[in-house]
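Reproduced below: model_13.txt, with compact mmCIF, C-alpha atoms.
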# COMPACT_ATOMS: atom_id res chain seq x y z
CA ILE D 1 -161.03 -133.06 -33.79
CA ALA D 2 -157.67 -134.85 -33.84
CA THR D 3 -158.08 -135.79 -30.19
CA ALA D 4 -161.55 -137.21 -30.88
CA VAL D 5 -160.25 -139.19 -33.86
CA GLY D 6 -157.50 -140.67 -31.69
CA ASN D 7 -155.14 -143.39 -32.91
CA GLY D 8 -152.27 -140.90 -32.98
CA ALA D 9 -153.94 -138.33 -35.24
CA THR D 10 -152.46 -134.83 -34.90
CA ALA D 11 -153.96 -131.40 -35.53
CA ASP D 12 -151.71 -131.08 -38.60
CA GLU D 13 -153.52 -134.06 -40.16
CA VAL D 14 -157.00 -132.50 -39.84
CA MET D 15 -157.66 -130.69 -43.10
CA ILE D 16 -160.56 -128.20 -43.06
CA LYS D 17 -162.13 -128.30 -46.52
CA SER D 18 -164.89 -125.74 -46.03
CA LEU D 19 -166.94 -123.77 -43.55
CA ARG D 20 -170.55 -123.00 -44.33
CA SER D 21 -172.62 -120.50 -42.40
CA GLY D 22 -176.07 -121.08 -41.01
CA SER D 23 -175.58 -123.71 -38.33
CA VAL D 24 -171.82 -123.61 -39.09
CA VAL D 25 -170.87 -126.83 -40.78
CA VAL D 26 -167.21 -127.80 -40.74
CA ASP D 27 -166.23 -130.17 -43.54
CA PHE D 28 -162.92 -131.89 -42.81
CA TYR D 29 -160.87 -135.03 -43.40
CA VAL D 30 -157.96 -136.62 -41.61
CA ALA D 31 -154.85 -136.79 -43.81
CA THR D 32 -153.34 -140.10 -42.75
CA PRO D 33 -152.09 -142.79 -45.17
CA ALA D 34 -154.91 -145.12 -44.10
CA MET D 35 -157.37 -142.55 -45.47
CA PHE D 36 -155.77 -142.05 -48.89
CA PRO D 37 -156.91 -144.06 -51.91
CA VAL D 38 -154.52 -146.82 -52.94
CA ALA D 39 -153.90 -144.99 -56.25
CA LEU D 40 -152.41 -142.11 -54.22
CA GLY D 41 -150.13 -144.37 -52.19
CA GLY D 42 -152.48 -144.91 -49.28
CA GLY D 43 -154.34 -147.84 -47.84
CA TRP D 44 -157.98 -146.63 -48.01
CA ASP D 45 -158.88 -148.54 -44.91
CA VAL D 46 -162.68 -148.62 -44.61
CA ALA D 47 -162.36 -150.01 -41.06
CA GLU D 48 -160.27 -146.94 -40.14
CA VAL D 49 -162.92 -144.64 -41.65
CA GLU D 50 -165.56 -146.37 -39.56
CA ARG D 51 -163.37 -146.15 -36.44
CA GLN D 52 -162.84 -142.41 -36.94
CA ILE D 53 -166.55 -141.78 -37.47
CA ALA D 54 -167.42 -143.77 -34.35
CA SER D 55 -164.77 -141.91 -32.31
CA ILE D 56 -166.02 -138.50 -33.39
CA ASP D 57 -169.66 -139.48 -32.84
CA ALA D 58 -168.78 -140.73 -29.34
CA ALA D 59 -166.96 -137.46 -28.56
CA ILE D 60 -170.00 -135.47 -29.69
CA ALA D 61 -172.42 -137.65 -27.74
CA GLY D 62 -170.22 -137.41 -24.64
CA ALA D 63 -169.83 -133.64 -25.01
CA THR D 64 -166.03 -134.02 -25.10
CA LEU D 65 -165.47 -132.63 -28.60
CA SER D 66 -164.19 -129.10 -28.09
CA VAL D 67 -164.34 -126.95 -31.21
CA GLY D 68 -165.11 -123.62 -29.57
CA ALA D 69 -168.86 -123.89 -30.12
CA THR D 70 -171.76 -126.16 -29.25
CA VAL D 71 -171.80 -129.27 -31.44
CA LEU D 72 -175.37 -130.07 -32.44
CA SER D 73 -175.15 -132.97 -34.87
CA SER D 74 -173.26 -136.14 -35.60
CA ALA D 75 -169.71 -136.18 -36.88
CA VAL D 76 -170.28 -137.09 -40.49
CA GLU D 77 -173.61 -136.33 -42.08
CA SER D 78 -172.41 -136.91 -45.59
CA SER D 79 -173.91 -138.15 -48.76
CA CYS D 80 -171.86 -140.06 -51.28
CA PRO D 81 -171.43 -137.97 -54.45
CA ALA D 82 -171.70 -139.21 -58.02
CA GLY D 83 -168.62 -141.25 -58.90
CA THR D 84 -168.82 -143.11 -55.59
CA PHE D 85 -171.10 -145.63 -53.93
CA VAL D 86 -172.22 -146.16 -50.33
CA ALA D 87 -169.84 -148.85 -49.07
CA LYS D 88 -171.45 -148.88 -45.64
CA THR D 89 -173.87 -146.89 -43.51
CA VAL D 90 -172.70 -146.70 -39.91
CA ALA D 91 -174.42 -145.76 -36.67
CA GLY D 92 -176.17 -142.42 -36.82
CA GLY D 93 -176.66 -142.62 -40.59
CA SER D 94 -173.13 -141.60 -41.52
CA MET D 95 -171.95 -143.04 -44.81
CA VAL D 96 -168.64 -144.49 -45.87
CA CYS D 97 -168.18 -143.68 -49.57
CA GLN D 98 -165.92 -145.58 -51.93
CA LEU D 99 -164.79 -144.51 -55.41
CA CYS D 100 -166.11 -146.46 -58.37
CA PRO D 101 -163.35 -148.62 -59.88
CA THR D 102 -162.07 -148.15 -63.41
CA GLY D 103 -164.50 -149.44 -66.02
CA HIS D 104 -167.44 -148.41 -63.83
CA TYR D 105 -169.36 -145.25 -63.00
CA SER D 106 -172.04 -143.81 -60.74
CA GLY D 107 -174.07 -140.88 -61.97
CA THR D 108 -176.18 -140.40 -58.86
CA VAL D 109 -175.75 -139.32 -55.24
CA ASN D 110 -175.84 -142.13 -52.64
CA SER D 111 -175.64 -144.89 -55.24
CA ALA D 112 -175.81 -148.42 -53.82
CA SER D 113 -173.28 -149.64 -56.39
CA CYS D 114 -171.36 -148.63 -59.48
CA THR D 115 -172.47 -149.60 -62.97
CA ALA D 116 -170.17 -151.29 -65.47
CA CYS D 117 -169.52 -149.33 -68.67
CA ALA D 118 -171.36 -150.76 -71.66
CA VAL D 119 -169.62 -152.24 -74.69
CA GLY D 120 -168.22 -149.31 -76.72
CA TYR D 121 -167.60 -147.17 -73.62
CA ALA D 122 -164.76 -146.93 -71.08
CA ALA D 123 -163.96 -145.31 -67.73
CA GLY D 124 -160.20 -144.97 -67.33
CA SER D 125 -160.18 -143.34 -63.88
CA ARG D 126 -161.64 -144.22 -60.52
CA GLY D 127 -164.58 -142.06 -59.45
CA MET D 128 -166.10 -141.53 -62.90
CA THR D 129 -169.64 -140.09 -63.10
CA ALA D 130 -170.14 -141.37 -66.66
CA CYS D 131 -168.31 -143.57 -69.14
CA ASN D 132 -166.58 -142.07 -72.16
CA ILE D 133 -167.65 -143.21 -75.61
CA CYS D 134 -164.91 -144.86 -77.65
CA VAL D 135 -164.13 -142.60 -80.62
CA ALA D 136 -163.90 -143.78 -84.22
CA GLY D 137 -160.80 -145.94 -84.69
CA THR D 138 -161.13 -147.39 -81.18
CA TYR D 139 -163.42 -149.91 -79.50
CA ALA D 140 -164.31 -151.56 -76.19
CA ALA D 141 -165.30 -155.18 -76.80
CA LEU D 142 -166.29 -155.98 -73.21
CA GLU D 143 -168.34 -154.36 -70.47
CA ALA D 144 -166.40 -152.71 -67.62
CA THR D 145 -163.54 -151.65 -69.91
CA SER D 146 -161.14 -149.04 -68.59
CA VAL D 147 -159.47 -148.04 -71.89
CA CYS D 148 -160.73 -147.99 -75.47
CA ALA D 149 -158.41 -150.09 -77.62
CA LYS D 150 -157.06 -148.94 -80.98
CA CYS D 151 -158.18 -151.01 -83.92
CA LEU D 152 -155.78 -153.80 -84.75
CA ALA D 153 -153.72 -153.74 -87.93
CA GLY D 154 -155.91 -154.71 -90.86
CA THR D 155 -159.12 -153.54 -89.17
CA TYR D 156 -161.03 -150.27 -88.96
CA GLN D 157 -163.95 -148.77 -87.05
CA PRO D 158 -165.59 -145.69 -88.56
CA ALA D 159 -168.18 -145.22 -85.79
CA ALA D 160 -167.96 -144.09 -82.18
CA GLY D 161 -169.18 -146.38 -79.39
CA ALA D 162 -168.19 -149.61 -81.11
CA GLY D 163 -167.46 -153.02 -79.64
CA GLY D 164 -165.02 -154.13 -82.36
CA GLY D 165 -163.50 -153.38 -85.73
CA PHE D 166 -164.15 -154.51 -89.28
CA PRO D 167 -161.57 -156.23 -91.47
CA CYS D 168 -160.10 -154.04 -94.15
CA ALA D 169 -160.73 -154.95 -97.78
CA ASP D 170 -157.86 -156.63 -99.63
CA PHE D 171 -155.02 -154.31 -100.65
CA PHE D 172 -155.79 -151.71 -97.93

Since I need it in another form, could you write the structure as structure tokens?
Amino acid sequence: IATAVGNGATADEVMIKSLRSGSVVVDFYVATPAMFPVALGGGWDVAEVERQIASIDAAIAGATLSVGATVLSSAVESSCPAGTFVAKTVAGGSMVCQLCPTGHYSGTVNSASCTACAVGYAAGSRGMTACNICVAGTYAALEATSVCAKCLAGTYQPAAGAGGGFPCADFF
């Protein structure tokens, strides 16, 4: 697999995530900095993902991918899980998935885009499948908020899912 990926990839960088019986499906990723999300210190290079997919597909089509068994299908027959969106579909139907940014979510598989969190909700991490409701005492005044804000001094919010606070009565 590392040879098919090319670009200096080594066998140590090919991480086997799972093996499923039946037709024997090998789920793997290549652990190079270009493939890591920026939040984890990588570059998340979509062009590199596409290059790797094309290289593996070419090796399969040319019967040069040697994994100790007959390879019957394309390199990446993935679907993009909830919390991601389809950034690009490449030759052969393979998909390049990208995590939803903070303040956004995707609750479905193979989503075309991520949805901004509504006022009163927030998504503080990338890859969220739903937004979190702001609890009482906090609010999110704008769509696509990543963190619920605490009510400012002199204000309060008794309800969850609010877009702002109310001024306190005098002497409180």

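Near Cys80 in chain D, within a cut-off of 8 Å and counting all atoms listed in the file, sit the residues Phe85, Val86, Met95, Val96, Cys97, Val109, Asn110 and Ser111 of chain D, with same-chain residues fewer than 5 positions away left out.
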
- Go through D:Ala122, D:Ala153, D:Cys100, D:Ala136 and flag the residue nearest Thr84 in chain D, using all atoms listed in the file for the distances. D:Cys100

If I wrap all listed atoms of range 79-87 of chain D in a box with edges along x, y and z and add 8 Å on each side, what are its centre and edge lengths in Å to one decimal, as JSON?
{"center_x": -171.3, "center_y": -143.4, "center_z": -53.8, "size_x": 21.3, "size_y": 26.9, "size_z": 26.1}

- Message: As an exercise, work out the distance from CA of Gly137 in chain D to CA of Cys168 in chain D in Å and give it to one decimal place.
- Response: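 Here the two named atoms are 12.5 Å from each other.
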
- Skip Gly154 in chain D itself and residues of its chain fewer than 3 positions away, then list as a PyMOL selection string all residues within 9 Å of it, counting all atoms listed in the file. chain D and resi 151+166-169+172
